[in-house]
Each structure stands twice: as C-alpha cells, then as structure tokens.
Amino acid sequence: MRLTKAMELTDEDARPRLAPHVRLTYSAARKEYALLSPETIWVINATGAAIVELCDAQRTIAEISAELRDRYDQVAESDVRSFVANLVTKHGMEVNHGKALRTAR
C-alpha cells in the first residue's frame with residue numbers, strides 16, 4: 001500500500017509546520033483568521049489558528065494536543081490530527097518525522 005502524506009501523520013514522531021509559502025493572518029475588520037498561500041486562502045476559526053501557531057516543526061501532534069488541552073476544555077488529539085492532515089493534503093502544511101528541526105536564530 002502506498003502511504004499518503006496524511007497517513008504519515010500516524011507516526012508518533014510527526015512534527016508539523018506550515019509550508020514555506022503559507023502564512024497565518026488575522027483580519028481585525030472581518031474578525032477571522034486565514035491561511036494565505038499564493039493561490040489559496042483558507043479561512044479558519046480561532047481553534048484552528050491555535051493549532052497552526054503550535055505547528056512549528058518542534059512539537060509532535062501529541063504535544064500540540066496536550067498544550068491545547070491546557071487552554072481549552074475539550075481537545076481530542078484525533079481532531080488535531082485530522083485538522084493537520086487536511087492541511088497536509090492541501091499542501092498548506094508539511095510534516096517532519098523524528099527530531100525537531102533546527103530553527104535559525
């Protein structure tokens with residue numbers, strides 16, 4: 001069976017991050033978050049924005065879910081995984097497996 005990018009997220013070491021061509025923005029006038037890429041705009045809610053902000057190639061899906069549980073009453077890891085998988089399949093997010101990526105300082 002051929003693995004898809006979304007299926008790769010089942011790896012417990014998966015560390016998601018926004019694709020290089022995508023950025024998160026907030027429109028105060030519209031009171032909404034959006035992910036912008038050269039050809040697409042995804043409007044997301046505040047919870048989605050919180051997930052995206054934590055997707056820094058340092059944290060795993062489990063770590064992201066745990067941090068969100070500290071902020072919100074109910075957070076299912078499967079919902080976080082599904083949200084990220086959806087963005088991966090649309091090329092809005094990438095996944096690193098294994099060690100965290102080094103960040104430029």
# chains A, B, ... in the order shown; residues from 1 in each chain; ligands from 1

$ residues_around --residues "A:Glu77" --least-positions-apart "2" --cutoff "10 Å" --atoms "only C-alpha atoms" --output "PyMOL selection string"
chain A and resi 61-66+68-69+74-75+79-83

$ write_last_selection --atoms "N, CA and C atoms" --output "mmCIF file, in the first residue's frame"
data_model
loop_
_atom_site.group_PDB
_atom_site.id
_atom_site.type_symbol
_atom_site.label_atom_id
_atom_site.label_comp_id
_atom_site.auth_asym_id
_atom_site.auth_seq_id
_atom_site.Cartn_x
_atom_site.Cartn_y
_atom_site.Cartn_z
ATOM 1 N N ILE A 61 2.294 16.020 17.246
ATOM 2 C CA ILE A 61 0.838 16.168 17.333
ATOM 3 C C ILE A 61 0.377 15.973 18.779
ATOM 4 N N ALA A 62 0.947 14.998 19.474
ATOM 5 C CA ALA A 62 0.575 14.735 20.869
ATOM 6 C C ALA A 62 0.919 15.929 21.762
ATOM 7 N N GLU A 63 2.073 16.538 21.547
ATOM 8 C CA GLU A 63 2.473 17.706 22.340
ATOM 9 C C GLU A 63 1.575 18.905 22.038
ATOM 10 N N ILE A 64 1.204 19.071 20.787
ATOM 11 C CA ILE A 64 0.291 20.156 20.406
ATOM 12 C C ILE A 64 -1.058 19.950 21.078
ATOM 13 N N SER A 65 -1.567 18.728 21.030
ATOM 14 C CA SER A 65 -2.853 18.419 21.652
ATOM 15 C C SER A 65 -2.813 18.670 23.152
ATOM 16 N N ALA A 66 -1.728 18.265 23.802
ATOM 17 C CA ALA A 66 -1.589 18.468 25.247
ATOM 18 C C ALA A 66 -1.579 19.954 25.594
ATOM 19 N N LEU A 68 -2.929 22.366 23.854
ATOM 20 C CA LEU A 68 -4.273 22.894 23.613
ATOM 21 C C LEU A 68 -5.240 22.493 24.724
ATOM 22 N N ARG A 69 -5.045 21.296 25.303
ATOM 23 C CA ARG A 69 -5.896 20.876 26.426
ATOM 24 C C ARG A 69 -5.705 21.783 27.635
ATOM 25 N N GLN A 74 -12.105 20.926 26.014
ATOM 26 C CA GLN A 74 -12.089 19.621 25.350
ATOM 27 C C GLN A 74 -11.308 19.702 24.043
ATOM 28 N N VAL A 75 -10.249 18.929 23.989
ATOM 29 C CA VAL A 75 -9.460 18.846 22.758
ATOM 30 C C VAL A 75 -9.145 17.378 22.506
ATOM 31 N N ASP A 79 -8.899 15.126 16.531
ATOM 32 C CA ASP A 79 -9.333 16.340 15.831
ATOM 33 C C ASP A 79 -8.137 17.166 15.370
ATOM 34 N N VAL A 80 -7.127 17.259 16.230
ATOM 35 C CA VAL A 80 -5.911 17.985 15.861
ATOM 36 C C VAL A 80 -5.236 17.278 14.692
ATOM 37 N N ARG A 81 -5.125 15.959 14.797
ATOM 38 C CA ARG A 81 -4.503 15.165 13.732
ATOM 39 C C ARG A 81 -5.255 15.333 12.413
ATOM 40 N N SER A 82 -6.582 15.315 12.471
ATOM 41 C CA SER A 82 -7.412 15.469 11.271
ATOM 42 C C SER A 82 -7.234 16.855 10.653
ATOM 43 N N PHE A 83 -7.200 17.898 11.483
ATOM 44 C CA PHE A 83 -7.008 19.267 11.001
ATOM 45 C C PHE A 83 -5.668 19.388 10.273
#

$ residues_around --residues "stretch 45-60 of chain A" --least-positions-apart "4" --cutoff "7 Å" --atoms "only C-alpha atoms" --output "list of chain:residue names"
A:Asp13, A:Ala14, A:Arg15, A:Pro16, A:Arg17, A:Leu18, A:Glu32, A:Tyr33, A:Ile64, A:Asn96, A:Ala100, A:Leu101

$ atom_distance --atom1 "atom CA of A:Tyr26" --atom2 "atom CA of A:Ala76"
24.6 Å

$ atom_distance --atom1 "atom CA of A:Ser78" --atom2 "atom CA of A:Ala19"
21.3 Å

$ select_by_dssp --residues "chain A" --states "alpha helix (DSSP H)" --output "ChimeraX atom specification"
/A:5-8,46-54,61-71,77-89
